$ cat entry-v4.txt   # compact mmCIF, C-alpha atoms
# COMPACT_ATOMS: atom_id res chain seq x y z
CA MET A 1 130.04 -27.65 159.24
CA ASN A 2 130.28 -28.92 155.74
CA LEU A 3 129.16 -26.30 153.27
CA LEU A 4 127.61 -28.86 150.98
CA ASP A 5 125.34 -30.09 153.79
CA GLN A 6 123.50 -26.76 153.76
CA PRO A 7 121.45 -25.34 150.92
CA ILE A 8 122.94 -22.25 149.29
CA SER A 9 121.47 -19.78 146.85
CA VAL A 10 121.97 -20.09 143.12
CA SER A 11 124.02 -16.89 143.15
CA ASP A 12 126.21 -18.20 145.95
CA PHE A 13 126.67 -21.44 144.09
CA ILE A 14 127.79 -19.58 140.96
CA ALA A 15 130.08 -17.39 143.09
CA LEU A 16 131.51 -20.50 144.70
CA GLY A 17 132.04 -22.08 141.33
CA ASN A 18 133.87 -18.96 140.10
CA GLN A 19 135.99 -18.92 143.26
CA ILE A 20 137.02 -22.50 142.56
CA PHE A 21 137.88 -21.60 138.99
CA GLU A 22 139.94 -18.60 140.12
CA THR A 23 141.91 -20.75 142.50
CA ALA A 24 142.30 -23.86 140.41
CA LEU A 25 142.44 -22.36 136.90
CA PRO A 26 143.29 -18.65 137.10
CA SER A 27 144.48 -18.71 133.50
CA VAL A 28 144.38 -21.38 130.84
CA MET A 29 145.61 -21.58 127.27
CA ILE A 30 143.25 -23.34 124.90
CA GLU A 31 143.68 -23.97 121.19
CA GLY A 32 140.67 -24.20 118.94
CA GLU A 33 138.84 -22.89 115.92
CA VAL A 34 136.82 -19.68 115.99
CA SER A 35 133.15 -19.87 115.08
CA SER A 36 130.09 -17.62 115.49
CA PHE A 37 132.36 -14.57 115.79
CA LYS A 38 130.44 -11.34 116.44
CA VAL A 39 130.94 -7.88 117.91
CA ASN A 40 128.07 -6.36 119.93
CA GLN A 41 127.57 -2.59 120.29
CA ASN A 42 131.13 -2.15 119.12
CA LYS A 43 132.15 -3.02 122.68
CA TRP A 44 131.93 -6.74 123.27
CA VAL A 45 133.35 -9.60 121.30
CA PHE A 46 131.75 -13.04 121.37
CA PHE A 47 132.82 -16.22 119.65
CA ASP A 48 132.87 -19.93 120.14
CA LEU A 49 136.03 -21.95 120.37
CA LYS A 50 135.60 -25.46 119.13
CA ASP A 51 137.36 -28.63 118.13
CA ALA A 52 135.98 -31.80 116.54
CA GLU A 53 133.88 -32.71 119.54
CA SER A 54 133.37 -29.74 121.85
CA THR A 55 132.52 -26.07 121.88
CA ILE A 56 132.99 -23.36 124.49
CA ASN A 57 131.72 -19.75 124.58
CA CYS A 58 134.31 -16.99 124.66
CA PHE A 59 133.91 -13.35 125.59
CA MET A 60 136.25 -10.37 125.52
CA SER A 61 136.31 -6.56 125.33
CA ILE A 62 136.75 -4.96 121.92
CA TYR A 63 140.01 -3.45 123.22
CA GLY A 64 141.42 -6.96 123.39
CA LEU A 65 140.90 -7.43 119.67
CA ARG A 66 144.52 -6.82 118.66
CA THR A 67 144.56 -8.84 115.45
CA PRO A 68 141.61 -9.66 113.21
CA LEU A 69 139.53 -12.72 114.03
CA GLU A 70 137.28 -14.57 111.65
CA ASP A 71 135.28 -17.74 111.71
CA GLY A 72 137.44 -20.68 110.76
CA MET A 73 140.70 -19.22 112.14
CA LYS A 74 142.71 -21.32 114.54
CA VAL A 75 143.76 -19.48 117.71
CA ILE A 76 145.32 -20.05 121.07
CA VAL A 77 143.44 -18.09 123.71
CA THR A 78 144.69 -17.21 127.16
CA ALA A 79 141.54 -16.99 129.28
CA SER A 80 139.91 -17.35 132.66
CA PRO A 81 136.99 -19.77 132.90
CA SER A 82 133.88 -18.54 134.65
CA LEU A 83 130.20 -19.07 135.13
CA THR A 84 127.84 -16.29 134.13
CA LYS A 85 124.94 -15.33 136.34
CA TRP A 86 122.77 -17.24 133.91
CA GLY A 87 124.78 -20.32 134.70
CA LYS A 88 126.53 -20.52 131.39
CA PHE A 89 130.11 -21.57 131.34
CA SER A 90 132.38 -19.28 129.30
CA LEU A 91 135.93 -18.11 128.87
CA THR A 92 136.86 -14.51 129.48
CA VAL A 93 139.64 -14.04 126.94
CA LYS A 94 142.67 -12.03 128.09
CA ALA A 95 144.76 -12.55 124.98
CA TYR A 96 144.80 -14.65 121.88
CA ARG A 97 147.01 -15.29 118.94
CA PRO A 98 146.31 -16.90 115.61
CA THR A 99 148.09 -20.20 115.18
CA GLY A 100 148.90 -22.26 112.15
CA GLU A 101 150.13 -20.88 108.87
CA GLY A 102 146.70 -20.33 107.34
CA SER A 103 145.26 -18.39 110.28
CA LEU A 104 148.37 -16.28 110.75
CA LYS A 105 148.36 -15.38 107.08
CA LYS A 106 144.66 -14.64 107.09
CA SER A 107 144.93 -12.43 110.16
CA PHE A 108 147.96 -10.65 108.67
CA GLU A 109 146.21 -9.97 105.37
CA LEU A 110 143.00 -8.71 107.01
CA LEU A 111 144.83 -6.24 109.25
CA LYS A 112 147.18 -5.20 106.47
CA ALA A 113 144.24 -4.36 104.21
CA LYS A 114 142.54 -2.40 106.99
CA LEU A 115 145.59 -0.33 107.92
CA GLU A 116 146.55 0.17 104.31
CA THR A 117 143.13 1.70 103.67
CA GLU A 118 143.81 4.10 106.53
CA GLY A 119 147.08 5.10 104.87
CA LEU A 120 149.36 3.91 107.68
CA PHE A 121 151.82 2.40 105.23
CA ALA A 122 151.74 5.22 102.68
CA ALA A 123 155.09 6.20 101.20
CA GLU A 124 154.39 9.90 101.73
CA ARG A 125 154.26 9.34 105.50
CA LYS A 126 157.84 8.07 105.57
CA ARG A 127 160.39 10.37 107.14
CA ALA A 128 164.11 10.45 106.46
CA LEU A 129 166.44 8.96 109.02
CA PRO A 130 169.05 11.32 110.48
CA SER A 131 172.54 11.14 109.08
CA LEU A 132 175.16 10.65 111.79
CA PRO A 133 172.70 10.58 114.73
CA LYS A 134 174.02 11.60 118.16
CA HIS A 135 171.20 10.12 120.22
CA ILE A 136 169.30 6.96 119.39
CA GLY A 137 166.63 4.97 121.21
CA VAL A 138 166.62 1.17 120.95
CA ILE A 139 163.72 -1.10 121.84
CA SER A 140 164.64 -4.75 122.13
CA SER A 141 165.25 -7.60 124.46
CA THR A 142 168.79 -7.15 125.72
CA GLN A 143 169.08 -10.93 125.99
CA ALA A 144 168.24 -11.49 122.33
CA ALA A 145 170.88 -12.46 119.78
CA GLY A 146 169.46 -9.87 117.38
CA TYR A 147 170.14 -7.10 119.91
CA ALA A 148 173.72 -8.32 120.41
CA ASP A 149 174.25 -8.32 116.62
CA PHE A 150 172.85 -4.79 116.31
CA ILE A 151 175.03 -3.36 119.11
CA LYS A 152 178.14 -5.17 117.82
CA ILE A 153 177.77 -3.80 114.30
CA LEU A 154 176.78 -0.34 115.60
CA ASN A 155 179.92 -0.13 117.78
CA GLU A 156 182.13 -1.41 114.97
CA ARG A 157 180.82 1.09 112.47
CA TRP A 158 180.48 4.33 114.43
CA GLY A 159 180.97 5.90 117.85
CA GLY A 160 180.24 8.97 119.93
CA MET A 161 176.50 8.28 120.19
CA ALA A 162 174.25 8.12 123.23
CA VAL A 163 172.33 4.85 122.85
CA ASP A 164 169.35 4.52 125.22
CA VAL A 165 168.06 0.96 125.39
CA ALA A 166 164.57 -0.03 126.52
CA HIS A 167 164.51 -3.69 127.46
CA THR A 168 161.21 -5.33 126.52
CA LEU A 169 159.88 -8.70 125.58
CA VAL A 170 159.97 -9.23 121.82
CA GLN A 171 157.74 -12.29 121.63
CA GLY A 172 154.75 -13.64 123.44
CA ALA A 173 151.45 -12.21 124.57
CA ASP A 174 152.93 -9.27 126.50
CA ALA A 175 155.54 -8.23 123.94
CA ALA A 176 153.37 -5.83 121.94
CA ASP A 177 152.19 -3.96 125.05
CA GLN A 178 155.73 -3.65 126.40
CA ILE A 179 157.02 -2.31 123.10
CA ILE A 180 154.10 0.15 122.93
CA ARG A 181 155.01 1.41 126.43
CA ALA A 182 158.64 1.82 125.39
CA ILE A 183 157.63 3.79 122.28
CA LYS A 184 155.46 6.01 124.48
CA TYR A 185 158.32 6.46 126.96
CA PHE A 186 160.74 7.64 124.26
CA ASN A 187 158.13 9.89 122.68
CA GLU A 188 157.48 11.63 126.00
CA LEU A 189 161.13 12.42 126.73
CA GLU A 190 162.14 16.06 126.86
CA ALA A 191 165.19 15.39 124.71
CA LEU A 192 163.86 13.08 122.02
CA PRO A 193 166.22 10.59 120.42
CA GLU A 194 166.76 11.34 116.74
CA VAL A 195 165.66 7.85 115.74
CA LEU A 196 163.92 4.90 117.35
CA VAL A 197 165.17 1.45 116.42
CA ILE A 198 163.07 -1.66 117.07
CA ILE A 199 165.16 -4.80 117.02
CA ARG A 200 164.28 -8.48 117.09
CA GLY A 201 166.21 -11.39 115.61
CA GLY A 202 164.81 -14.18 113.51
CA GLY A 203 162.12 -16.57 114.63
CA SER A 204 159.04 -18.47 113.57
CA ALA A 205 155.90 -16.74 112.34
CA ASP A 206 154.44 -17.30 115.82
CA ASP A 207 157.51 -15.71 117.46
CA LEU A 208 157.20 -12.63 115.27
CA GLY A 209 153.43 -12.41 115.76
CA ALA A 210 153.73 -9.50 118.21
CA PHE A 211 154.90 -7.30 115.37
CA ASN A 212 151.54 -7.74 113.63
CA ASP A 213 149.61 -6.40 116.62
CA GLU A 214 147.28 -3.59 115.57
CA LEU A 215 147.97 -1.31 118.54
CA LEU A 216 151.71 -1.73 118.14
CA VAL A 217 151.50 -0.96 114.42
CA ARG A 218 149.53 2.19 115.26
CA ALA A 219 152.06 3.18 117.94
CA VAL A 220 154.92 2.86 115.44
CA ALA A 221 153.00 4.84 112.82
CA GLY A 222 152.19 7.51 115.40
CA SER A 223 155.69 7.92 116.79
CA ARG A 224 156.99 11.49 116.79
CA ILE A 225 160.46 10.02 116.46
CA PRO A 226 161.39 8.50 113.07
CA THR A 227 161.43 4.73 113.32
CA LEU A 228 163.70 2.04 111.93
CA THR A 229 162.91 -1.65 112.28
CA GLY A 230 165.28 -4.60 112.13
CA ILE A 231 162.96 -7.51 112.76
CA GLY A 232 163.60 -11.11 111.81
CA HIS A 233 165.25 -12.00 108.53
CA GLU A 234 165.09 -10.62 105.00
CA VAL A 235 162.01 -12.70 104.16
CA ASP A 236 160.01 -11.67 107.24
CA THR A 237 157.90 -8.59 106.73
CA SER A 238 155.68 -7.59 109.62
CA LEU A 239 153.04 -4.88 109.72
CA VAL A 240 155.30 -2.94 112.10
CA ASP A 241 157.93 -3.00 109.34
CA LEU A 242 155.39 -1.55 106.92
CA ALA A 243 154.41 1.22 109.34
CA ALA A 244 157.99 2.18 110.22
CA ASP A 245 159.78 4.97 108.39
CA PHE A 246 162.47 2.57 107.31
CA ARG A 247 162.72 -1.19 107.36
CA ALA A 248 166.05 -3.01 107.64
CA SER A 249 166.20 -6.65 106.61
CA THR A 250 167.94 -7.77 109.82
CA PRO A 251 169.20 -6.26 113.11
CA SER A 252 172.73 -6.06 111.66
CA ASN A 253 171.37 -4.34 108.56
CA ALA A 254 169.61 -1.81 110.82
CA ALA A 255 173.01 -0.79 112.26
CA GLU A 256 174.42 -0.57 108.72
CA ILE A 257 171.58 1.70 107.62
CA LEU A 258 171.79 3.87 110.72
CA VAL A 259 175.48 4.82 110.71
CA PRO A 260 178.34 4.89 108.22
CA ASN A 261 181.33 2.63 108.52
CA ARG A 262 184.12 4.56 110.21
CA ARG A 263 186.75 2.44 108.42
CA GLU A 264 185.32 3.41 105.05
CA ILE A 265 185.34 7.07 106.04
CA TYR A 266 188.96 7.24 107.09
CA ALA A 267 190.01 5.02 104.18
CA ARG A 268 188.22 7.45 101.85
CA ALA A 269 190.01 10.39 103.53
CA HIS A 270 193.38 8.72 102.86
CA THR A 271 192.36 7.88 99.28
CA GLN A 272 191.41 11.51 98.70
CA VAL A 273 194.81 12.64 99.97
CA ALA A 274 196.58 10.05 97.81
CA GLY A 275 194.63 11.45 94.85
CA LEU A 276 196.09 14.89 95.57
CA LYS A 277 199.58 13.50 94.89
CA THR A 278 198.44 12.53 91.42
CA ILE A 279 197.01 16.02 90.86
CA VAL A 280 200.33 17.63 91.89
CA LEU A 281 202.38 15.24 89.75
CA GLN A 282 200.11 15.87 86.76
CA SER A 283 200.47 19.59 87.37
CA ILE A 284 204.27 19.28 87.42
CA GLU A 285 204.20 17.22 84.21
CA ARG A 286 201.95 19.80 82.60
CA LEU A 287 204.31 22.60 83.67
CA ASP A 288 207.29 20.65 82.37
CA ARG A 289 205.51 20.08 79.06
CA ASP A 290 204.61 23.79 78.84
CA LEU A 291 208.23 24.76 79.54
CA LYS A 292 209.47 22.39 76.87
CA ASP A 293 206.92 23.77 74.44
CA ASP A 294 208.02 27.32 75.27
CA LEU A 295 211.67 26.36 74.81
CA GLU A 296 210.88 24.79 71.46
CA SER A 297 209.05 27.93 70.41
CA VAL A 298 212.04 30.07 71.36
CA ARG A 299 214.37 27.71 69.48
CA ARG A 300 212.13 27.83 66.43
CA LEU A 301 211.98 31.62 66.53
CA MET A 302 215.76 31.83 66.86
CA ARG A 303 216.20 29.46 63.95
CA GLN A 304 213.82 31.51 61.84
CA GLY A 305 215.77 34.68 62.80
CA LEU A 306 219.05 33.11 61.90
CA ASP A 307 217.69 31.77 58.62
CA ALA A 308 216.48 35.25 57.72
CA ALA A 309 219.86 36.74 58.69
CA PHE A 310 221.68 34.18 56.57
CA GLU A 311 219.42 34.91 53.67
CA ARG A 312 220.09 38.62 54.00
CA LEU A 313 223.79 37.86 54.26
CA GLY A 314 223.68 35.90 50.99
CA ILE A 315 222.01 38.80 49.22
CA LEU A 316 224.60 41.18 50.59
CA ARG A 317 227.38 38.84 49.59
CA VAL A 318 226.07 38.85 45.99
CA ALA A 319 225.75 42.60 46.08
CA VAL A 320 229.24 42.98 47.45
CA SER A 321 230.66 40.57 44.92
CA GLN A 322 229.04 42.58 42.15
CA VAL A 323 230.93 45.71 43.17
CA ASN A 324 234.24 43.90 43.71
CA PRO A 325 236.82 45.49 41.23
CA ASP A 326 238.33 42.09 40.44
CA ASN A 327 234.97 40.95 39.11
CA VAL A 328 234.79 44.08 36.91
CA LEU A 329 238.33 43.38 35.62
CA LYS A 330 237.28 39.79 34.92
CA ARG A 331 234.68 41.12 32.57
CA GLY A 332 237.49 42.75 30.49
CA TYR A 333 237.60 46.20 32.00
CA ALA A 334 240.88 47.84 33.16
CA LEU A 335 241.86 50.28 35.83
CA LEU A 336 243.88 53.31 34.87
CA ARG A 337 246.08 55.10 37.36
CA GLY A 338 248.50 57.99 36.88
CA GLU A 339 248.52 61.39 35.07
CA THR A 340 246.51 61.49 31.91
CA THR A 341 248.50 64.29 30.33
CA VAL A 342 250.85 63.99 27.37
CA GLY A 343 254.12 62.49 28.54
CA GLY A 344 252.55 61.40 31.80
CA LYS A 345 253.26 57.95 33.23
CA ILE A 346 250.20 55.74 33.68
CA GLU A 347 249.54 52.26 35.01
CA VAL A 348 246.90 50.07 33.36
CA GLU A 349 245.62 47.14 35.45
CA THR A 350 243.72 44.30 33.78
CA PHE A 351 242.49 41.15 35.45
CA GLU A 352 245.75 39.38 34.81
CA ARG A 353 248.33 42.12 34.18
CA ILE A 354 249.56 45.56 35.21
CA VAL A 355 250.90 47.58 32.27
CA GLU A 356 253.01 50.72 32.68
CA ALA A 357 252.73 53.20 29.78
CA GLU A 358 253.39 56.80 28.72
CA VAL A 359 250.65 59.10 27.50
CA LYS A 360 251.24 60.13 23.92
CA ASN A 361 248.18 62.06 23.18
CA VAL A 362 245.13 63.32 24.99
CA ARG A 363 242.04 64.57 23.28
CA GLN A 364 238.58 65.49 24.34
CA LYS A 365 235.75 63.00 23.59
CA MET B 1 181.77 20.93 120.40
CA SER B 2 180.95 17.27 120.23
CA ASP B 3 183.27 14.63 118.82
CA LYS B 4 180.88 14.15 115.94
CA ASN B 5 181.01 17.83 115.06
CA ASN B 6 184.78 17.78 115.34
CA ILE B 7 184.93 14.95 112.87
CA GLN B 8 182.35 16.56 110.63
CA ASN B 9 184.37 19.80 110.68
CA LYS B 10 187.54 17.95 109.85
CA LEU B 11 185.83 16.06 107.03
CA ASN B 12 184.51 19.38 105.70
CA ALA B 13 187.96 20.97 105.95
CA LEU B 14 189.48 18.02 104.10
CA GLY B 15 186.78 18.29 101.46
CA GLU B 16 187.59 21.98 100.94
CA LEU B 17 191.30 21.23 100.61
CA VAL B 18 190.62 18.50 98.09
CA GLU B 19 188.39 20.86 96.11
CA TRP B 20 191.13 23.50 96.09
CA PHE B 21 193.40 21.12 94.21
CA SER B 22 190.86 20.87 91.39
CA SER B 23 189.89 24.55 91.43
CA SER B 24 191.21 27.51 89.45
CA ASP B 25 192.87 28.70 92.69
CA PHE B 26 195.33 25.82 92.51
CA LYS B 27 198.96 26.96 92.52
CA LEU B 28 201.90 24.62 92.47
CA ASP B 29 203.79 26.98 94.80
CA THR B 30 201.32 26.40 97.68
CA ALA B 31 200.26 22.86 96.76
CA LEU B 32 202.87 21.19 98.96
CA GLU B 33 201.72 23.10 102.05
CA LYS B 34 198.08 22.29 101.32
CA TYR B 35 198.95 18.66 100.68
CA LYS B 36 200.64 18.42 104.08
CA GLN B 37 197.56 19.93 105.73
CA ALA B 38 195.32 17.39 103.99
CA GLU B 39 197.59 14.51 104.98
CA ALA B 40 197.55 15.63 108.63
CA LEU B 41 193.76 16.00 108.57
CA ALA B 42 193.30 12.49 107.19
CA GLU B 43 195.50 11.14 109.99
CA GLU B 44 193.50 13.06 112.61
CA ILE B 45 190.20 11.83 111.19
CA GLU B 46 191.39 8.23 111.37
CA LYS B 47 192.64 8.68 114.93
CA ASP B 48 189.42 10.40 116.05
CA LEU B 49 187.18 7.81 114.44
CA LYS B 50 189.15 4.94 115.95
CA THR B 51 188.80 6.34 119.45
CA LEU B 52 185.08 7.24 119.37
CA LYS B 53 182.99 5.03 121.67
CA ASN B 54 179.23 4.78 122.06
CA ASP B 55 177.61 5.35 125.42
CA ILE B 56 175.08 2.52 125.77
CA ARG B 57 172.64 3.18 128.61
CA LEU B 58 170.03 0.66 129.72
CA ILE B 59 166.86 2.48 130.75
CA SER B 60 166.00 1.59 134.33
CA LYS B 61 162.24 1.92 133.78
CA LYS B 62 160.40 -1.39 133.47
CA PHE B 63 157.93 -1.80 130.65
CA ASP B 64 156.18 -4.94 131.89
CA GLN B 65 153.36 -2.98 133.54
CA GLU B 66 151.41 0.20 132.87
CA ALA B 67 153.03 3.14 134.64

$ encode --input "entry-v4.txt" --output "structure tokens"
Amino acid sequence: MNLLDQPISVSDFIALGNQIFETALPSVMIEGEVSSFKVNQNKWVFFDLKDAESTINCFMSIYGLRTPLEDGMKVIVTASPSLTKWGKFSLTVKAYRPTGEGSLKKSFELLKAKLETEGLFAAERKRALPSLPKHIGVISSTQAAGYADFIKILNERWGGMAVDVAHTLVQGADAADQIIRAIKYFNELEALPEVLVIIRGGGSADDLGAFNDELLVRAVAGSRIPTLTGIGHEVDTSLVDLAADFRASTPSNAAEILVPNRREIYARAHTQVAGLKTIVLQSIERLDRDLKDDLESVRRLMRQGLDAAFERLGILRVAVSQVNPDNVLKRGYALLRGETTVGGKIEVETFERIVEAEVKNVRQK
Amino acid sequence: MSDKNNIQNKLNALGELVEWFSSSDFKLDTALEKYKQAEALAEEIEKDLKTLKNDIRLISKKFDQEA
């Protein structure tokens, strides 16, 4: 029996139509411009997706609203087509991402302003990273070049760490959710890593879009474990970067921030030891100089002593010369020897002569 | 004691030795002995740092679906 030969109810027809959609088009990606965007009861999101000629209704739960949407933004939606019980054709949106530079920027700025107002990027929320961590958690795609760069630099610079790696997507519609699950996993461990590093190499603004996902930004901001991001290149700043405790400019830079360079440390140790040689040599020179100074002082004191002795000697010599009999005789005096009685023999010594004589008379003075 | 602590202890010990050379405790008589200790420590630190390896462990849990 051919189904179409028999009448069916309106509800059955809509159910049949939906069955056909589920089989033929379980999921489609459609690019268009958002218009008539509205949120009902803070639960349901409605908007139209349009291009120059056509428009289609879109519907999604508020929980799917991961980045801001506004009329005029270009997006790519991943959705399932369906018929409502009122017979209207619509898309149930599973995921979406802004596309085109203008829309990406707009979405980024809107969410940034919102989260900034909540204080998620405030400087006072930032925690210090551990110095010389023993246990780190890494969230990245293990196939990504950025991950390879990070691990290479990490291993070159430091060792002895336990590095637990959660492999996740780092781009595409599922990336944000996978990274959120990995953050949750690390935060629920009994032995928490000392730091959580989120790594992703460079890419286009579209590729890095996952790191501007609101729920992911909130998960990073809410992590019990301090976070470090190394996402993209120097010029790429994502909202996840702003929410993290520390942002590295690249995956390699993240490794450089996280651990010291072992080569620099042992080179510094050797330099310090070499410096000790200089200290010892300077100390020896100082000692030598002090000894020389002491020796000079002793020499000076000895010279002063000798000079004083010589001076005293000169004085004594003068004194001695003054009492020398020859000097007295020189002045015209004479020495008298012998008996000074009448008839006595005497000897008279002058400076130049010795005269022998006889005493003829003696009288009292 | 972990390798890291060993290295940290050795770095601290080297730091103390280096400080001694600039302190008022410095004596030329014992400087040679202290210098030899510092030289040996620097060698050990280099050797330890060169041999340290990281233990990189890929978590077996998959993150592509809600647990």

$ interface_residues --input "entry-v4.txt" --of "chain A" --to "chain B" --cutoff "6 Å" --atoms "all atoms listed in the file" --output "number ranges by chain"
A: 159-166, 178, 266, 269-270

$ atom_distance --input "entry-v4.txt" --atom1 "atom CA of Glu33 of chain A" --atom2 "atom CA of Gly100 of chain A"
10.8 Å

$ atom_distance --input "entry-v4.txt" --atom1 "atom CA of Ile257 of chain A" --atom2 "atom CA of Leu132 of chain A"
10.5 Å

$ atom_distance --input "entry-v4.txt" --atom1 "atom CA of Lys106 of chain A" --atom2 "atom CA of Asp207 of chain A"
16.5 Å

$ closest_residue --input "entry-v4.txt" --among "A:Val75, A:Ser27, A:Ala113, A:Ser90" --to "Asn57 of chain A" --atoms "all atoms listed in the file"
A:Ser90

$ axis_aligned_box --input "entry-v4.txt" --around "segment 59-64 of chain A" --padding-each-side "6 Å" --output "AutoDock Vina command-line options"
--center_x 137.7 --center_y -8.4 --center_z 123.8 --size_x 19.5 --size_y 21.9 --size_z 15.7

$ residues_around --input "entry-v4.txt" --residues "segment 149-153 of chain A" --least-positions-apart "5" --cutoff "10 Å" --atoms "only C-alpha atoms" --output "list in words"
Val138, Thr142, Ala144, Trp158, Val163, Val197, Ile199, Arg200, Gly201, Gly230, Thr250, Pro251, Ser252, Asn253, Ala254, Ala255, Glu256, Val259 and Asn261 of chain A; Asn54 and Ile56 of chain B

$ residues_around --input "entry-v4.txt" --residues "Ser103 of chain A" --least-positions-apart "4" --cutoff "8 Å" --atoms "all atoms listed in the file" --output "PyMOL selection string"
chain A and resi 73-75+98-99+107
